[in-house]
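Raw data_32.pdb, PDB, C-alpha atoms:
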MODEL        1
ATOM      1  CA  MET A 802      94.729 -12.244 104.348
ATOM      2  CA  SER A 803      98.436 -11.789 103.611
ATOM      3  CA  LEU A 804     100.377  -8.882 105.087
ATOM      4  CA  LYS A 805     100.993  -7.395 101.636
ATOM      5  CA  ARG A 806      97.307  -7.471 100.747
ATOM      6  CA  ARG A 807      96.487  -5.797 104.037
ATOM      7  CA  LEU A 808      99.041  -3.084 103.245
ATOM      8  CA  LYS A 809      97.524  -2.507  99.815
ATOM      9  CA  LYS A 810      94.110  -1.906 101.390
ATOM     10  CA  LEU A 811      95.421   0.945 103.540
ATOM     11  CA  PRO A 812      95.118   4.543 102.298
ATOM     12  CA  ILE A 813      98.385   5.929 100.913
ATOM     13  CA  SER A 814     100.122   8.994 102.256
ATOM     14  CA  SER A 815     101.378  11.141  99.367
ATOM     15  CA  SER A 816     104.484  12.025 101.384
ATOM     16  CA  ILE A 817     105.814  11.695 104.914
ATOM     17  CA  ALA A 818     105.017  15.337 105.720
ATOM     18  CA  GLN A 819     101.421  14.944 104.497
ATOM     19  CA  THR A 820     100.663  11.797 106.496
ATOM     20  CA  PRO A 821      97.319  12.061 108.328
ATOM     21  CA  GLU A 822      97.695  11.549 112.077
ATOM     22  CA  HIS A 823      95.990   9.045 114.380
ATOM     23  CA  THR A 824      94.628   6.821 111.609
ATOM     24  CA  ASP A 825      95.713   3.651 109.824
ATOM     25  CA  VAL A 826      97.834   4.614 106.826
ATOM     26  CA  ARG A 827     100.561   3.427 104.457
ATOM     27  CA  VAL A 828     103.820   5.432 104.358
ATOM     28  CA  SER A 829     106.845   4.906 102.108
ATOM     29  CA  GLY A 830     110.391   6.241 102.035
ATOM     30  CA  GLU A 831     114.039   5.286 101.740
ATOM     31  CA  LEU A 832     115.335   3.422 104.769
ATOM     32  CA  ALA A 833     118.019   5.109 106.848
ATOM     33  CA  PHE A 834     119.759   3.691 109.894
ATOM     34  CA  LEU A 835     119.354   5.603 113.126
ATOM     35  CA  GLU A 836     122.567   7.354 114.154
ATOM     36  CA  GLY A 837     123.953   6.418 110.734
ATOM     37  CA  LYS A 838     124.871   2.835 111.570
ATOM     38  CA  PRO A 839     123.097  -0.521 111.333
ATOM     39  CA  ALA A 840     121.897  -2.219 114.471
ATOM     40  CA  LEU A 841     121.524  -5.689 112.949
ATOM     41  CA  THR A 842     123.288  -8.091 110.594
ATOM     42  CA  ALA A 843     121.331 -10.606 108.520
ATOM     43  CA  PRO A 844     122.571 -14.050 109.599
ATOM     44  CA  ILE A 845     122.876 -15.841 106.239
ATOM     45  CA  THR A 846     124.440 -13.063 104.151
ATOM     46  CA  ASN A 847     125.996 -10.811 106.828
ATOM     47  CA  ARG A 848     124.204  -7.790 105.327
ATOM     48  CA  PRO A 849     123.868  -4.730 107.571
ATOM     49  CA  CYS A 850     120.152  -4.107 107.985
ATOM     50  CA  ALA A 851     117.334  -2.827 110.173
ATOM     51  CA  ALA A 852     115.336  -6.066 109.999
ATOM     52  CA  TRP A 853     115.709  -9.589 108.654
ATOM     53  CA  ARG A 854     113.702 -12.781 108.274
ATOM     54  CA  VAL A 855     115.019 -16.287 107.590
ATOM     55  CA  ILE A 856     112.995 -19.358 106.668
ATOM     56  CA  ILE A 857     114.656 -22.792 106.741
ATOM     57  CA  GLU A 858     112.913 -25.710 105.026
ATOM     58  CA  GLU A 859     113.768 -29.411 104.952
ATOM     59  CA  GLN A 860     113.016 -31.650 101.990
ATOM     60  CA  ARG A 861     111.364 -34.879 103.117
ATOM     61  CA  SER A 862     110.617 -37.897 100.967
ATOM     62  CA  ASN A 863     107.409 -39.894 101.055
ATOM     63  CA  GLY A 864     107.705 -42.817  98.698
ATOM     64  CA  LYS A 865     108.323 -41.486  95.182
ATOM     65  CA  SER A 866     107.406 -37.902  96.051
ATOM     66  CA  SER A 867     108.985 -35.285  98.250
ATOM     67  CA  SER A 868     107.910 -31.995  99.831
ATOM     68  CA  TRP A 869     109.383 -29.065 101.731
ATOM     69  CA  HIS A 870     108.640 -28.602 105.441
ATOM     70  CA  LYS A 871     109.369 -25.423 107.379
ATOM     71  CA  VAL A 872     111.675 -26.027 110.364
ATOM     72  CA  VAL A 873     112.689 -22.437 111.212
ATOM     73  CA  ASP A 874     110.909 -19.129 110.661
ATOM     74  CA  GLU A 875     112.777 -16.421 112.536
ATOM     75  CA  SER A 876     113.010 -12.650 112.305
ATOM     76  CA  GLU A 877     114.526  -9.695 114.109
ATOM     77  CA  SER A 878     113.971  -5.968 113.732
ATOM     78  CA  THR A 879     114.906  -2.666 115.290
ATOM     79  CA  ASP A 880     113.850   0.986 114.977
ATOM     80  CA  PHE A 881     114.725   2.726 111.712
ATOM     81  CA  ALA A 882     113.982   5.900 109.771
ATOM     82  CA  LEU A 883     112.161   6.496 106.495
ATOM     83  CA  VAL A 884     113.142   9.561 104.493
ATOM     84  CA  ASP A 885     111.647  11.351 101.489
ATOM     85  CA  GLN A 886     111.941  14.881 100.104
ATOM     86  CA  SER A 887     109.297  16.148 102.533
ATOM     87  CA  GLY A 888     110.619  14.838 105.829
ATOM     88  CA  ARG A 889     111.570  11.962 108.073
ATOM     89  CA  ALA A 890     109.695   9.222 109.923
ATOM     90  CA  ILE A 891     110.842   6.959 112.753
ATOM     91  CA  VAL A 892     109.416   3.442 112.674
ATOM     92  CA  ASP A 893     109.000   1.422 115.866
ATOM     93  CA  GLY A 894     110.741  -1.856 115.090
ATOM     94  CA  THR A 895     109.960  -3.651 118.337
ATOM     95  CA  SER A 896     106.758  -5.313 117.100
ATOM     96  CA  LEU A 897     107.282  -5.319 113.347
ATOM     97  CA  SER A 898     105.507  -7.842 111.106
ATOM     98  CA  LEU A 899     107.730  -8.379 108.049
ATOM     99  CA  ALA A 900     106.553  -9.088 104.511
ATOM    100  CA  LEU A 901     109.974  -9.192 102.860
ATOM    101  CA  ASP A 902     111.284 -10.129  99.433
ATOM    102  CA  PHE A 903     113.399 -13.233  99.956
ATOM    103  CA  ASP A 904     116.286 -12.032  97.817
ATOM    104  CA  ALA A 905     119.021 -14.324  99.153
ATOM    105  CA  SER A 906     119.180 -18.094  99.472
ATOM    106  CA  ASN A 907     121.510 -20.923 100.427
ATOM    107  CA  LYS A 908     121.237 -24.692 100.358
ATOM    108  CA  GLN A 909     122.716 -27.803 101.905
ATOM    109  CA  ASP A 910     122.371 -31.236 100.294
ATOM    110  CA  MET A 911     124.451 -34.305  99.471
ATOM    111  CA  PHE A 912     126.553 -32.313  96.996
ATOM    112  CA  ASN A 913     126.666 -28.952  98.752
ATOM    113  CA  GLU A 914     127.940 -28.144 102.237
ATOM    114  CA  GLY A 915     126.125 -24.814 102.402
ATOM    115  CA  SER A 916     127.807 -21.616 103.503
ATOM    116  CA  PRO A 917     129.572 -21.317 106.887
ATOM    117  CA  GLU A 918     126.901 -18.769 107.869
ATOM    118  CA  LEU A 919     124.121 -21.246 107.085
ATOM    119  CA  ARG A 920     125.826 -24.031 109.009
ATOM    120  CA  GLN A 921     126.327 -21.757 112.024
ATOM    121  CA  PHE A 922     122.712 -20.575 111.884
ATOM    122  CA  LEU A 923     121.450 -24.166 111.767
ATOM    123  CA  GLU A 924     123.713 -25.214 114.628
ATOM    124  CA  THR A 925     122.691 -22.361 116.933
ATOM    125  CA  ARG A 926     118.996 -23.125 116.274
ATOM    126  CA  GLY A 927     119.425 -26.815 117.001
ATOM    127  CA  VAL A 928     118.584 -27.943 113.465
ATOM    128  CA  LYS A 929     120.104 -31.345 112.697
ATOM    129  CA  THR A 930     121.942 -31.322 109.381
ATOM    130  CA  HIS A 931     122.296 -35.114 109.072
ATOM    131  CA  GLY A 932     119.850 -37.968 109.175
ATOM    132  CA  PHE A 933     120.618 -41.568 110.123
ATOM    133  CA  LEU A 934     122.932 -42.107 107.157
ATOM    134  CA  LEU A 935     122.850 -39.100 104.841
ATOM    135  CA  LYS A 936     123.113 -35.367 104.974
ATOM    136  CA  LYS A 937     119.710 -33.689 104.997
ATOM    137  CA  THR A 938     118.573 -31.437 102.165
ATOM    138  CA  LEU A 939     117.888 -28.008 103.646
ATOM    139  CA  ARG A 940     117.286 -24.652 102.017
ATOM    140  CA  ALA A 941     117.356 -21.171 103.494
ATOM    141  CA  ARG A 942     115.633 -18.021 102.244
ATOM    142  CA  GLU A 943     116.508 -14.619 103.662
ATOM    143  CA  GLY A 944     115.059 -11.152 103.313
ATOM    144  CA  ALA A 945     116.373  -7.927 104.843
ATOM    145  CA  LEU A 946     115.527  -4.243 105.096
ATOM    146  CA  GLU A 947     118.687  -2.505 103.898
ATOM    147  CA  GLU A 948     119.818   1.095 103.891
ATOM    148  CA  GLY A 949     118.664   3.103 100.889
ATOM    149  CA  GLU A 950     115.945   0.754  99.678
ATOM    150  CA  VAL A 951     112.322   1.856  99.472
ATOM    151  CA  VAL A 952     110.325   0.484 102.392
ATOM    152  CA  THR A 953     106.579   0.748 102.928
ATOM    153  CA  VAL A 954     105.057   0.527 106.397
ATOM    154  CA  GLY A 955     101.482   0.319 107.567
ATOM    155  CA  GLY A 956     100.844   1.973 110.916
ATOM    156  CA  ILE A 957      99.511   5.009 112.741
ATOM    157  CA  GLY A 958     101.530   8.208 112.568
ATOM    158  CA  THR A 959     101.946  11.032 115.074
ATOM    159  CA  PHE A 960     103.980  14.190 114.483
ATOM    160  CA  LEU A 961     106.511  15.269 117.110
ATOM    161  CA  ASN A 962     108.985  18.135 117.238
ATOM    162  CA  ASP A 963     112.289  17.085 115.677
ATOM    163  CA  PRO A 964     115.139  18.627 117.691
ATOM    164  CA  SER A 965     117.736  17.167 115.308
ATOM    165  CA  ALA A 966     116.468  19.202 112.337
ATOM    166  CA  GLN A 967     116.805  22.907 111.727
ATOM    167  CA  SER A 968     113.611  24.897 111.917
ATOM    168  CA  GLY A 969     112.330  26.591 108.794
ATOM    169  CA  TYR A 970     110.426  29.827 108.471
ATOM    170  CA  ARG A 971     107.237  28.006 109.486
ATOM    171  CA  GLY A 972     108.607  26.981 112.852
ATOM    172  CA  THR A 973     109.910  23.790 114.452
ATOM    173  CA  ALA A 974     110.591  20.869 112.118
ATOM    174  CA  LYS A 975     108.334  17.862 112.553
ATOM    175  CA  LEU A 976     109.207  14.192 112.843
ATOM    176  CA  LEU A 977     106.637  11.482 112.068
ATOM    177  CA  GLN A 978     106.558   8.646 114.595
ATOM    178  CA  VAL A 979     104.979   5.474 113.157
ATOM    179  CA  GLN A 980     103.544   2.888 115.533
ATOM    180  CA  ALA A 981     101.200  -0.084 115.303
ATOM    181  CA  LEU A 982      97.937  -0.120 113.362
ATOM    182  CA  SER A 983      94.619  -0.173 115.182
ATOM    183  CA  THR A 984      94.760  -3.975 114.782
ATOM    184  CA  GLY A 985      97.948  -4.059 116.877
ATOM    185  CA  GLU A 986     100.450  -4.818 114.104
ATOM    186  CA  LEU A 987     103.029  -2.629 112.410
ATOM    187  CA  ILE A 988     103.676  -4.019 108.921
ATOM    188  CA  ALA A 989     106.767  -3.399 106.782
ATOM    189  CA  THR A 990     107.729  -4.554 103.296
ATOM    190  CA  ASP A 991     110.446  -3.884 100.734
ATOM    191  CA  ASP A 992     108.245  -5.139  97.890
ATOM    192  CA  ARG A 993     108.174  -2.271  95.386
ATOM    193  CA  LYS A 994     104.834  -3.544  94.050
ATOM    194  CA  VAL A 995     103.275  -2.353  97.302
ATOM    195  CA  TYR A 996     104.950   1.049  96.985
ATOM    196  CA  ARG A 997     102.369   3.480  95.633
ATOM    197  CA  ASP A 998     100.134   0.545  94.599
ATOM    198  CA  GLN A 999      96.513   1.686  94.769
ATOM    199  CA  GLY A1000      95.078  -1.760  94.191
ATOM    200  CA  ALA A1001      93.349  -3.805  96.890
TER
ENDMDL
END
Will you turn the file into C-alpha cells for me?
Amino acid sequence: MSLKRRLKKLPISSSIAQTPEHTDVRVSGELAFLEGKPALTAPITNRPCAAWRVIIEEQRSNGKSSSWHKVVDESESTDFALVDQSGRAIVDGTSLSLALDFDASNKQDMFNEGSPELRQFLETRGVKTHGFLLKKTLRAREGALEEGEVVTVGGIGTFLNDPSAQSGYRGTAKLLQVQALSTGELIATDDRKVYRDQGA
C-alpha cells in the first residue's frame, strides 16, 4: 500500500490542539522552520526546505523500445513545525517517510546539458552521464517540504509544555510532539488531496 493511501486511512485530527494523544493519527498544518530558518536546501532547485526527495532515472533502449530505470532515489529531512490557528506541533524528521509532490524536474540528453545543480548532483552520487559514445538521457524529479505550504503527517502525538509560548488563562501552553506511528514510520506529504481527505 502506498504511503498516501496509508495516510488517508488514518483518523483525522480536526486541529493541532484537538489531536488525540498516544494513538495513530493524521495532523495537518502550515510548515514552519524551527528557529525561523531552513536547515536544508533541495539539491536540484536550491529551495530552502525541511525535507527533500530526488529520483534520477535513466532512459535505456532495448531494440525499438525504451524504458526508464531508477538509478538514484535519495531523500533528506530534518525536524520542523506545523502551525494552525489552534497551536503548534513539532515533527521528528529523523525517520521521515516522504510522499511528496514532484513539482520540479530537470533533464539531460543529447540536446540538453541539464542544470549545473543536476550535473553536480549526478557527479557526487557517482552517476555516469556518458555512455561509450553518447551522452546518456537522464531525468530528475524533485519534491520538497517548503515553508508555508500545507503538510500532512501521520504519527503519534504527545502534548508537552511549550516554554516558548505565553500561557493563557487556562495555564501553560501546550506543544504537540509528533513521532512515529505504531508501525514505526512517520509519514509526511505535501499533497493537498490528502489534506482533510476522509476517503480510504
With all atoms listed in the file as the basis for distance, which of A:Lys937, A:Arg926, A:Lys994, A:Lys975 is at the shortest distance from Ser829 of chain A? A:Lys994
For the structure provided, state which residues fall under the PyMOL selection byres ((chain A and resi 825) around 12), and present them as a ChimeraX atom specification. /A:807-814,820-824,826-828,954-959,979-988
Could you pull the residues within 8 Å of Tyr996 of chain A, counting only C-alpha atoms, minus those fewer than 5 positions along the same chain, as a PDB file with C-alpha atoms, in the frame of the given file?
ATOM      1  CA  SER A 829     106.845   4.906 102.108  1.00  0.00           C
ATOM      2  CA  VAL A 951     112.322   1.856  99.472  1.00  0.00           C
ATOM      3  CA  VAL A 952     110.325   0.484 102.392  1.00  0.00           C
ATOM      4  CA  THR A 953     106.579   0.748 102.928  1.00  0.00           C
TER       5      THR A 953
END
Step by step, work through what the PyMOL selection byres ((chain A and resi 860) around 8) selects in the shown file, and finish by giving those residues as a PyMOL selection string. chain A and resi 858-859+861-862+867-870+937-939
Keeping only C-alpha atoms, take the residues you just selected and write them out as a PDB file, in the coordinates of the input.
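Listing of again.pdb after writing:
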ATOM      1  CA  GLU A 858     112.913 -25.710 105.026  1.00  0.00           C
ATOM      2  CA  GLU A 859     113.768 -29.411 104.952  1.00  0.00           C
ATOM      3  CA  ARG A 861     111.364 -34.879 103.117  1.00  0.00           C
ATOM      4  CA  SER A 862     110.617 -37.897 100.967  1.00  0.00           C
ATOM      5  CA  SER A 867     108.985 -35.285  98.250  1.00  0.00           C
ATOM      6  CA  SER A 868     107.910 -31.995  99.831  1.00  0.00           C
ATOM      7  CA  TRP A 869     109.383 -29.065 101.731  1.00  0.00           C
ATOM      8  CA  HIS A 870     108.640 -28.602 105.441  1.00  0.00           C
ATOM      9  CA  LYS A 937     119.710 -33.689 104.997  1.00  0.00           C
ATOM     10  CA  THR A 938     118.573 -31.437 102.165  1.00  0.00           C
ATOM     11  CA  LEU A 939     117.888 -28.008 103.646  1.00  0.00           C
TER      12      LEU A 939
END
So, counting all atoms listed in the file, which residue among A:Glu947, A:Asp880, A:Glu918, A:Glu875 is closest to Cys850 of chain A? A:Glu947
